[in-house]
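Peer 1: Got model.tsv for you, TSV, C-alpha atoms:
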chain	number	residue	atom	x	y	z
Z	289	MET	CA	-21.47	-7.68	8.86
Z	290	THR	CA	-17.84	-6.58	8.89
Z	291	TYR	CA	-16.13	-6.01	5.57
Z	292	GLU	CA	-12.38	-5.76	5.09
Z	293	VAL	CA	-11.68	-3.00	2.60
Z	294	SER	CA	-8.28	-2.30	1.10
Z	295	VAL	CA	-7.43	1.22	-0.07
Z	296	ASN	CA	-4.31	1.66	-2.20
Z	297	ILE	CA	-3.13	5.24	-2.45
Z	298	MET	CA	-0.36	6.20	-4.88
Z	299	PRO	CA	1.10	9.58	-5.88
Z	300	HIS	CA	-0.27	10.72	-9.26
Z	301	GLN	CA	1.63	9.43	-12.26
Z	302	GLY	CA	4.07	12.11	-13.39
Z	303	LEU	CA	4.15	13.81	-10.01
Z	304	LEU	CA	7.53	13.91	-8.26
Z	305	ASP	CA	7.84	11.28	-5.52
Z	306	PRO	CA	10.86	12.29	-3.41
Z	307	GLN	CA	10.49	9.34	-1.02
Z	308	GLY	CA	10.51	6.90	-3.93
Z	309	LYS	CA	13.48	8.66	-5.49
Z	310	ALA	CA	15.47	8.38	-2.25
Z	311	VAL	CA	14.72	4.66	-1.94
Z	312	HIS	CA	15.59	4.18	-5.64
Z	313	GLN	CA	19.00	5.77	-5.13
Z	314	GLY	CA	19.52	3.70	-1.97
Z	315	LEU	CA	18.78	0.45	-3.81
Z	316	ASN	CA	21.09	1.39	-6.68
Z	317	LYS	CA	23.84	2.29	-4.22
Z	318	ILE	CA	23.82	-1.16	-2.62
Z	319	GLY	CA	24.14	-2.83	-6.01
Z	320	LEU	CA	20.53	-3.36	-7.08
Z	321	ALA	CA	20.96	-1.48	-10.34
Z	322	GLN	CA	18.19	-3.50	-12.02
Z	323	VAL	CA	15.61	-1.44	-10.11
Z	324	SER	CA	14.82	1.37	-12.55
Z	325	ASP	CA	11.99	3.14	-10.75
Z	326	VAL	CA	10.41	3.26	-7.29
Z	327	ARG	CA	7.13	4.86	-6.31
Z	328	ILE	CA	5.87	4.77	-2.75
Z	329	GLY	CA	2.26	5.01	-1.65
Z	330	LYS	CA	0.08	3.85	1.19
Z	331	LYS	CA	-2.01	0.76	1.75
Z	332	ILE	CA	-4.80	1.24	4.26
Z	333	VAL	CA	-6.95	-1.66	5.45
Z	334	LEU	CA	-10.30	-0.68	6.93
Z	335	HIS	CA	-12.78	-2.86	8.79
Z	336	ILE	CA	-16.23	-1.51	8.06
Z	337	ASP	CA	-19.52	-2.56	9.65
Z	338	ALA	CA	-22.18	-2.43	6.96
Z	339	SER	CA	-25.24	-4.34	5.87
Z	340	ASP	CA	-23.96	-5.02	2.36
Z	341	GLU	CA	-20.96	-4.53	0.06
Z	342	LYS	CA	-22.44	-1.41	-1.53
Z	343	GLU	CA	-22.80	0.34	1.83
Z	344	ALA	CA	-19.26	-0.67	2.84
Z	345	LEU	CA	-17.92	0.76	-0.41
Z	346	ALA	CA	-19.80	4.03	0.12
Z	347	ILE	CA	-18.34	4.41	3.63
Z	348	ALA	CA	-14.85	3.63	2.32
Z	349	GLN	CA	-15.27	6.25	-0.40
Z	350	GLU	CA	-16.42	8.83	2.12
Z	351	SER	CA	-13.42	8.03	4.35
Z	352	CYS	CA	-11.11	8.52	1.37
Z	353	THR	CA	-12.61	11.84	0.33
Z	354	LYS	CA	-12.76	13.28	3.84
Z	355	VAL	CA	-9.58	11.97	5.45
Z	356	LEU	CA	-7.42	9.42	3.70
Z	357	VAL	CA	-6.70	10.79	0.25
Z	358	ASN	CA	-5.35	14.12	-0.95
Z	359	ALA	CA	-6.94	14.18	-4.41
Z	360	VAL	CA	-4.56	16.89	-5.65
Z	361	MET	CA	-1.55	14.61	-5.28
Z	362	GLU	CA	-2.84	11.08	-4.93
Z	363	THR	CA	-5.02	8.50	-6.66
Z	364	ALA	CA	-6.82	5.84	-4.64
Z	365	ASP	CA	-8.27	2.51	-5.60
Z	366	ILE	CA	-10.62	0.72	-3.27
Z	367	SER	CA	-11.27	-3.00	-3.18
Z	368	ILE	CA	-13.36	-5.10	-0.86
Z	369	LEU	CA	-11.13	-7.95	0.23
Z	370	LYS	CA	-13.42	-10.24	2.19
Z	371	LEU	CA	-15.70	-10.45	5.15
Z	372	ALA	CA	-13.47	-10.15	8.18
U	293	MET	CA	12.38	-6.58	-20.04
U	294	THR	CA	10.91	-4.28	-17.42
U	295	TYR	CA	8.60	-5.79	-14.83
U	296	GLU	CA	6.29	-3.80	-12.59
U	297	VAL	CA	6.38	-5.32	-9.13
U	298	SER	CA	4.05	-4.33	-6.32
U	299	VAL	CA	5.18	-4.75	-2.71
U	300	ASN	CA	2.54	-4.43	0.01
U	301	ILE	CA	3.97	-3.93	3.48
U	302	MET	CA	1.72	-4.06	6.54
U	303	PRO	CA	2.46	-3.95	10.28
U	304	HIS	CA	2.34	-7.45	11.80
U	305	GLN	CA	-1.09	-8.57	12.93
U	306	GLY	CA	-1.40	-7.93	16.67
U	307	LEU	CA	1.29	-5.28	16.70
U	308	LEU	CA	0.22	-1.80	17.76
U	309	ASP	CA	-0.29	0.55	14.79
U	310	PRO	CA	-0.42	4.10	16.25
U	311	GLN	CA	-0.87	5.73	12.83
U	312	GLY	CA	-3.86	3.51	12.09
U	313	LYS	CA	-5.29	4.13	15.54
U	314	ALA	CA	-5.08	7.91	15.05
U	315	VAL	CA	-6.82	7.72	11.67
U	316	HIS	CA	-9.46	5.41	13.17
U	317	GLN	CA	-10.24	7.94	15.90
U	318	GLY	CA	-10.31	10.73	13.32
U	319	LEU	CA	-12.82	8.88	11.14
U	320	ASN	CA	-15.02	8.10	14.15
U	321	LYS	CA	-14.89	11.73	15.24
U	322	ILE	CA	-16.26	13.01	11.92
U	323	GLY	CA	-19.17	10.60	12.12
U	324	LEU	CA	-17.89	7.50	10.33
U	325	ALA	CA	-18.57	5.20	13.28
U	326	GLN	CA	-19.01	2.18	11.00
U	327	VAL	CA	-15.24	2.02	10.56
U	328	SER	CA	-14.19	-0.39	13.32
U	329	ASP	CA	-10.49	-0.82	12.57
U	330	VAL	CA	-7.77	0.88	10.53
U	331	ARG	CA	-4.31	-0.44	9.76
U	332	ILE	CA	-1.86	1.53	7.67
U	333	GLY	CA	0.99	0.10	5.65
U	334	LYS	CA	2.97	0.93	2.55
U	335	LYS	CA	2.56	0.08	-1.10
U	336	ILE	CA	5.77	0.26	-3.08
U	337	VAL	CA	5.81	-0.13	-6.86
U	338	LEU	CA	9.17	-1.11	-8.33
U	339	HIS	CA	10.19	-1.22	-11.99
U	340	ILE	CA	12.75	-3.98	-12.36
U	341	ASP	CA	14.83	-4.80	-15.43
U	342	ALA	CA	15.17	-8.58	-15.57
U	343	SER	CA	15.25	-11.34	-18.17
U	344	ASP	CA	12.32	-13.24	-16.68
U	345	GLU	CA	9.71	-13.13	-13.94
U	346	LYS	CA	11.76	-15.34	-11.62
U	347	GLU	CA	14.74	-12.98	-11.74
U	348	ALA	CA	12.50	-9.95	-11.17
U	349	LEU	CA	10.97	-11.64	-8.13
U	350	ALA	CA	14.43	-12.46	-6.73
U	351	ILE	CA	15.53	-8.82	-7.09
U	352	ALA	CA	12.31	-7.62	-5.44
U	353	GLN	CA	12.85	-10.03	-2.57
U	354	GLU	CA	16.43	-8.82	-2.11
U	355	SER	CA	15.22	-5.18	-2.12
U	356	CYS	CA	12.68	-6.05	0.57
U	357	THR	CA	15.15	-7.84	2.81
U	358	LYS	CA	17.89	-5.24	2.48
U	359	VAL	CA	15.97	-1.96	2.40
U	360	LEU	CA	12.20	-1.91	2.18
U	361	VAL	CA	10.93	-4.15	4.97
U	362	ASN	CA	11.61	-4.25	8.68
U	363	ALA	CA	10.89	-7.94	9.29
U	364	VAL	CA	10.58	-7.42	13.05
U	365	MET	CA	7.53	-5.21	12.65
U	366	GLU	CA	6.24	-5.73	9.11
U	367	THR	CA	5.06	-8.42	6.71
U	368	ALA	CA	5.46	-7.98	2.97
U	369	ASP	CA	3.76	-9.59	0.04
U	370	ILE	CA	5.18	-9.25	-3.42
U	371	SER	CA	3.27	-9.55	-6.67
U	372	ILE	CA	4.33	-9.05	-10.25
U	373	LEU	CA	1.72	-6.75	-11.76
U	374	LYS	CA	2.63	-6.65	-15.45
U	375	LEU	CA	5.31	-5.76	-17.91
U	376	ALA	CA	5.71	-2.01	-17.71
Kindly transcribe the structure held in the file into C-alpha coordinates.

Peer 2:
Amino acid sequence: MTYEVSVNIMPHQGLLDPQGKAVHQGLNKIGLAQVSDVRIGKKIVLHIDASDEKEALAIAQESCTKVLVNAVMETADISILKLA
Amino acid sequence: MTYEVSVNIMPHQGLLDPQGKAVHQGLNKIGLAQVSDVRIGKKIVLHIDASDEKEALAIAQESCTKVLVNAVMETADISILKLA
(Lines of atoms letter the chains of each structure in order from A and count residues from 1; the text may use other names and numbers.)
(Lines give C-alpha, C1' and ligand atoms only; values in the text may rest on other atoms or scores of the structure.)
Protein backbone atom coordinates (compact mmCIF):
# COMPACT_ATOMS: atom_id res chain seq x y z
CA MET A 1 0.00 0.00 0.00
CA THR A 2 1.24 3.51 -0.69
CA TYR A 3 0.98 6.07 2.08
CA GLU A 4 1.27 9.82 1.59
CA VAL A 5 3.30 11.23 4.46
CA SER A 6 3.73 14.93 5.12
CA VAL A 7 6.84 16.15 6.93
CA ASN A 8 6.85 19.74 8.19
CA ILE A 9 10.28 21.05 9.08
CA MET A 10 10.70 24.39 10.84
CA PRO A 11 13.74 26.16 12.29
CA HIS A 12 13.87 25.78 16.09
CA GLN A 13 11.93 28.38 18.02
CA GLY A 14 14.32 31.11 19.13
CA LEU A 15 16.86 30.33 16.44
CA LEU A 16 17.58 33.11 13.95
CA ASP A 17 15.79 32.60 10.63
CA PRO A 18 17.47 34.97 8.14
CA GLN A 19 15.25 33.89 5.23
CA GLY A 20 12.13 34.62 7.26
CA LYS A 21 13.55 37.95 8.39
CA ALA A 22 14.23 38.99 4.79
CA VAL A 23 10.70 38.09 3.70
CA HIS A 24 9.29 39.90 6.76
CA GLN A 25 11.12 43.09 5.81
CA GLY A 26 9.99 42.69 2.19
CA LEU A 27 6.34 42.38 3.22
CA ASN A 28 6.58 45.39 5.51
CA LYS A 29 8.24 47.41 2.74
CA ILE A 30 5.34 46.87 0.34
CA GLY A 31 2.85 48.04 2.94
CA LEU A 32 1.88 44.83 4.75
CA ALA A 33 2.84 46.18 8.16
CA GLN A 34 0.32 43.90 9.91
CA VAL A 35 2.69 40.97 9.38
CA SER A 36 4.71 40.94 12.61
CA ASP A 37 6.76 37.77 12.17
CA VAL A 38 7.72 35.33 9.42
CA ARG A 39 9.37 31.95 9.81
CA ILE A 40 10.18 29.78 6.83
CA GLY A 41 10.53 26.02 6.84
CA LYS A 42 10.07 23.12 4.48
CA LYS A 43 7.15 20.87 3.69
CA ILE A 44 8.14 17.53 2.23
CA VAL A 45 5.57 15.06 0.92
CA LEU A 46 6.75 11.47 0.70
CA HIS A 47 5.03 8.51 -0.95
CA ILE A 48 5.97 5.42 1.01
CA ASP A 49 5.23 1.81 0.13
CA ALA A 50 4.52 -0.03 3.36
CA SER A 51 2.24 -2.74 4.67
CA ASP A 52 0.71 -0.58 7.40
CA GLU A 53 0.71 2.94 8.85
CA LYS A 54 3.22 2.02 11.57
CA GLU A 55 5.79 0.82 9.03
CA ALA A 56 5.25 3.93 6.87
CA LEU A 57 5.82 6.14 9.91
CA ALA A 58 9.02 4.27 10.80
CA ILE A 59 10.39 4.74 7.26
CA ALA A 60 9.45 8.44 7.34
CA GLN A 61 11.23 8.84 10.68
CA GLU A 62 14.34 7.12 9.34
CA SER A 63 14.30 9.39 6.26
CA CYS A 64 14.08 12.43 8.54
CA THR A 65 16.93 11.36 10.79
CA LYS A 66 19.25 10.31 7.98
CA VAL A 67 18.57 12.89 5.28
CA LEU A 68 15.74 15.38 5.64
CA VAL A 69 16.18 17.04 9.02
CA ASN A 70 19.13 18.75 10.67
CA ALA A 71 18.18 18.16 14.31
CA VAL A 72 20.58 20.85 15.55
CA MET A 73 18.63 23.59 13.79
CA GLU A 74 15.26 22.15 12.86
CA THR A 75 12.21 20.44 14.35
CA ALA A 76 10.10 18.10 12.25
CA ASP A 77 6.57 16.87 12.62
CA ILE A 78 5.36 13.93 10.60
CA SER A 79 1.77 13.18 9.70
CA ILE A 80 0.27 10.48 7.53
CA LEU A 81 -2.07 12.27 5.16
CA LYS A 82 -3.86 9.47 3.35
CA LEU A 83 -3.39 6.47 1.15
CA ALA A 84 -2.19 7.81 -2.17
CA MET B 1 -5.06 40.38 18.05
CA THR B 2 -2.21 38.33 16.63
CA TYR B 3 -3.09 35.36 14.44
CA GLU B 4 -0.68 32.59 13.52
CA VAL B 5 -1.22 31.71 9.88
CA SER B 6 0.37 28.74 8.16
CA VAL B 7 0.99 28.85 4.41
CA ASN B 8 1.90 25.58 2.68
CA ILE B 9 3.37 26.04 -0.77
CA MET B 10 3.95 23.04 -3.05
CA PRO B 11 5.09 22.76 -6.67
CA HIS B 12 2.12 22.14 -8.99
CA GLN B 13 1.19 18.50 -9.42
CA GLY B 14 2.78 17.22 -12.63
CA LEU B 15 5.47 19.88 -12.66
CA LEU B 16 9.05 18.65 -12.42
CA ASP B 17 10.50 19.03 -8.90
CA PRO B 18 14.29 18.61 -9.26
CA GLN B 19 14.94 19.13 -5.54
CA GLY B 20 12.46 16.39 -4.66
CA LYS B 21 13.92 14.10 -7.31
CA ALA B 22 17.43 14.55 -5.89
CA VAL B 23 16.26 13.77 -2.35
CA HIS B 24 14.31 10.76 -3.65
CA GLN B 25 17.44 9.34 -5.30
CA GLY B 26 19.44 10.05 -2.14
CA LEU B 27 16.95 8.17 0.05
CA ASN B 28 16.90 5.22 -2.36
CA LYS B 29 20.69 5.15 -2.43
CA ILE B 30 20.98 4.76 1.35
CA GLY B 31 18.57 1.83 1.29
CA LEU B 32 15.17 3.47 1.77
CA ALA B 33 13.72 1.95 -1.39
CA GLN B 34 10.18 2.06 0.02
CA VAL B 35 10.08 5.80 -0.62
CA SER B 36 8.54 6.01 -4.10
CA ASP B 37 8.11 9.76 -4.51
CA VAL B 38 9.32 12.97 -2.88
CA ARG B 39 8.01 16.48 -3.44
CA ILE B 40 9.47 19.45 -1.63
CA GLY B 41 7.69 22.69 -0.90
CA LYS B 42 7.76 25.46 1.67
CA LYS B 43 5.94 26.02 4.92
CA ILE B 44 5.74 29.65 5.95
CA VAL B 45 4.35 30.69 9.33
CA LEU B 46 3.18 34.29 9.54
CA HIS B 47 2.14 36.26 12.63
CA ILE B 48 -0.49 38.74 11.55
CA ASP B 49 -2.00 41.55 13.61
CA ALA B 50 -5.66 41.81 12.64
CA SER B 51 -9.00 42.51 14.27
CA ASP B 52 -10.58 39.24 13.16
CA GLU B 53 -9.86 35.99 11.34
CA LYS B 54 -11.27 37.28 8.06
CA GLU B 55 -8.90 40.25 8.02
CA ALA B 56 -5.93 38.02 8.90
CA LEU B 57 -6.82 35.69 6.04
CA ALA B 58 -7.08 38.62 3.60
CA ILE B 59 -3.61 39.87 4.62
CA ALA B 60 -2.17 36.37 4.28
CA GLN B 61 -3.69 36.05 0.82
CA GLU B 62 -2.25 39.40 -0.23
CA SER B 63 1.20 38.34 1.08
CA CYS B 64 0.96 35.15 -0.96
CA THR B 65 -0.05 36.88 -4.18
CA LYS B 66 2.49 39.68 -3.91
CA VAL B 67 5.54 37.93 -2.44
CA LEU B 68 5.35 34.37 -1.21
CA VAL B 69 3.88 32.34 -4.06
CA ASN B 70 4.81 31.99 -7.71
CA ALA B 71 1.38 31.04 -9.08
CA VAL B 72 2.87 29.74 -12.33
CA MET B 73 4.75 26.97 -10.55
CA GLU B 74 3.25 26.67 -7.07
CA THR B 75 -0.04 26.10 -5.27
CA ALA B 76 -0.59 27.50 -1.79
CA ASP B 77 -3.01 26.60 0.94
CA ILE B 78 -3.54 28.91 3.86
CA SER B 79 -4.78 27.93 7.29
CA ILE B 80 -5.20 29.93 10.46
CA LEU B 81 -3.51 27.89 13.17
CA LYS B 82 -4.36 29.76 16.38
CA LEU B 83 -4.03 33.02 18.17
CA ALA B 84 -0.35 33.46 18.90

Peer 1: Counting only C-alpha atoms, which residues of chain Z fall within 7 Å of chain U, and what is the closest atom pair for each with its distance in Å at one decimal, ordered by chain and rising number, as a Markdown table?

Peer 2:
| residue | atom | partner | partner_atom | distance |
| --- | --- | --- | --- | --- |
| Z:Leu315 | CA | U:Ser355 | CA | 6.9 |
| Z:Gln322 | CA | U:Asp341 | CA | 5.0 |
| Z:Val323 | CA | U:Ile340 | CA | 4.4 |
| Z:Ser324 | CA | U:His339 | CA | 5.3 |
| Z:Asp325 | CA | U:His339 | CA | 4.9 |
| Z:Val326 | CA | U:Leu338 | CA | 4.7 |
| Z:Arg327 | CA | U:Val337 | CA | 5.2 |
| Z:Ile328 | CA | U:Ile336 | CA | 4.5 |
| Z:Gly329 | CA | U:Lys335 | CA | 5.0 |
| Z:Lys330 | CA | U:Lys334 | CA | 4.3 |
| Z:Lys331 | CA | U:Gly333 | CA | 5.0 |
| Z:Ile332 | CA | U:Ile332 | CA | 4.5 |
| Z:Val333 | CA | U:Arg331 | CA | 5.2 |
| Z:Leu334 | CA | U:Val330 | CA | 4.7 |
| Z:His335 | CA | U:Asp329 | CA | 4.9 |
| Z:Ile336 | CA | U:Val327 | CA | 4.4 |
| Z:Asp337 | CA | U:Gln326 | CA | 5.0 |
| Z:Ala338 | CA | U:Gln326 | CA | 6.9 |
| Z:Ser351 | CA | U:Leu319 | CA | 6.9 |

Peer 1: May I have the selected residues written with C-alpha atoms, as a CSV table (one decimal), keeping the file's coordinate frame?

Peer 2:
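Written output follows (selection15.csv):
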chain,number,residue,atom,x,y,z
Z,315,LEU,CA,18.8,0.4,-3.8
Z,322,GLN,CA,18.2,-3.5,-12.0
Z,323,VAL,CA,15.6,-1.4,-10.1
Z,324,SER,CA,14.8,1.4,-12.6
Z,325,ASP,CA,12.0,3.1,-10.8
Z,326,VAL,CA,10.4,3.3,-7.3
Z,327,ARG,CA,7.1,4.9,-6.3
Z,328,ILE,CA,5.9,4.8,-2.8
Z,329,GLY,CA,2.3,5.0,-1.6
Z,330,LYS,CA,0.1,3.8,1.2
Z,331,LYS,CA,-2.0,0.8,1.8
Z,332,ILE,CA,-4.8,1.2,4.3
Z,333,VAL,CA,-7.0,-1.7,5.4
Z,334,LEU,CA,-10.3,-0.7,6.9
Z,335,HIS,CA,-12.8,-2.9,8.8
Z,336,ILE,CA,-16.2,-1.5,8.1
Z,337,ASP,CA,-19.5,-2.6,9.6
Z,338,ALA,CA,-22.2,-2.4,7.0
Z,351,SER,CA,-13.4,8.0,4.4

Peer 1: How far is it from CA of Ser367 (chain Z) to CA of Thr353 (chain Z), in Å with one decimal?

Peer 2: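 It comes out at 15.3 Å.
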
Peer 1: So the first atom is CA of Ala359 (chain Z) and the second is CA of His300 (chain Z); what is the distance between them in Å, to one decimal place?

Peer 2: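 Going from CA of Ala359 (chain Z) over to CA of His300 (chain Z) covers 8.9 Å.
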
Peer 1: Just how far from CA of Gln313 (chain Z) is CA of Asp365 (chain Z), in Å to one decimal?

Peer 2: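 These two atoms are separated by 27.5 Å.
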
Peer 1: Enclose all atoms of region 329-341 of chain Z listed in the file in an axis-aligned box, grow every side by 8 Å, and hand back centre and edge lengths in Å to one decimal, as lines of an AutoDock Vina configuration file.

Peer 2:
center_x = -11.5
center_y = 0.0
center_z = 4.0
size_x = 43.5
size_y = 26.0
size_z = 27.3

Peer 1: Ranking Z:Leu303, Z:Ala310, Z:Leu345, Z:Met289 by minimum distance to Ile368 (chain Z) and counting only C-alpha atoms, which one comes first?

Peer 2: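 Among the listed residues, Z:Leu345 lies closest to Ile368 (chain Z).
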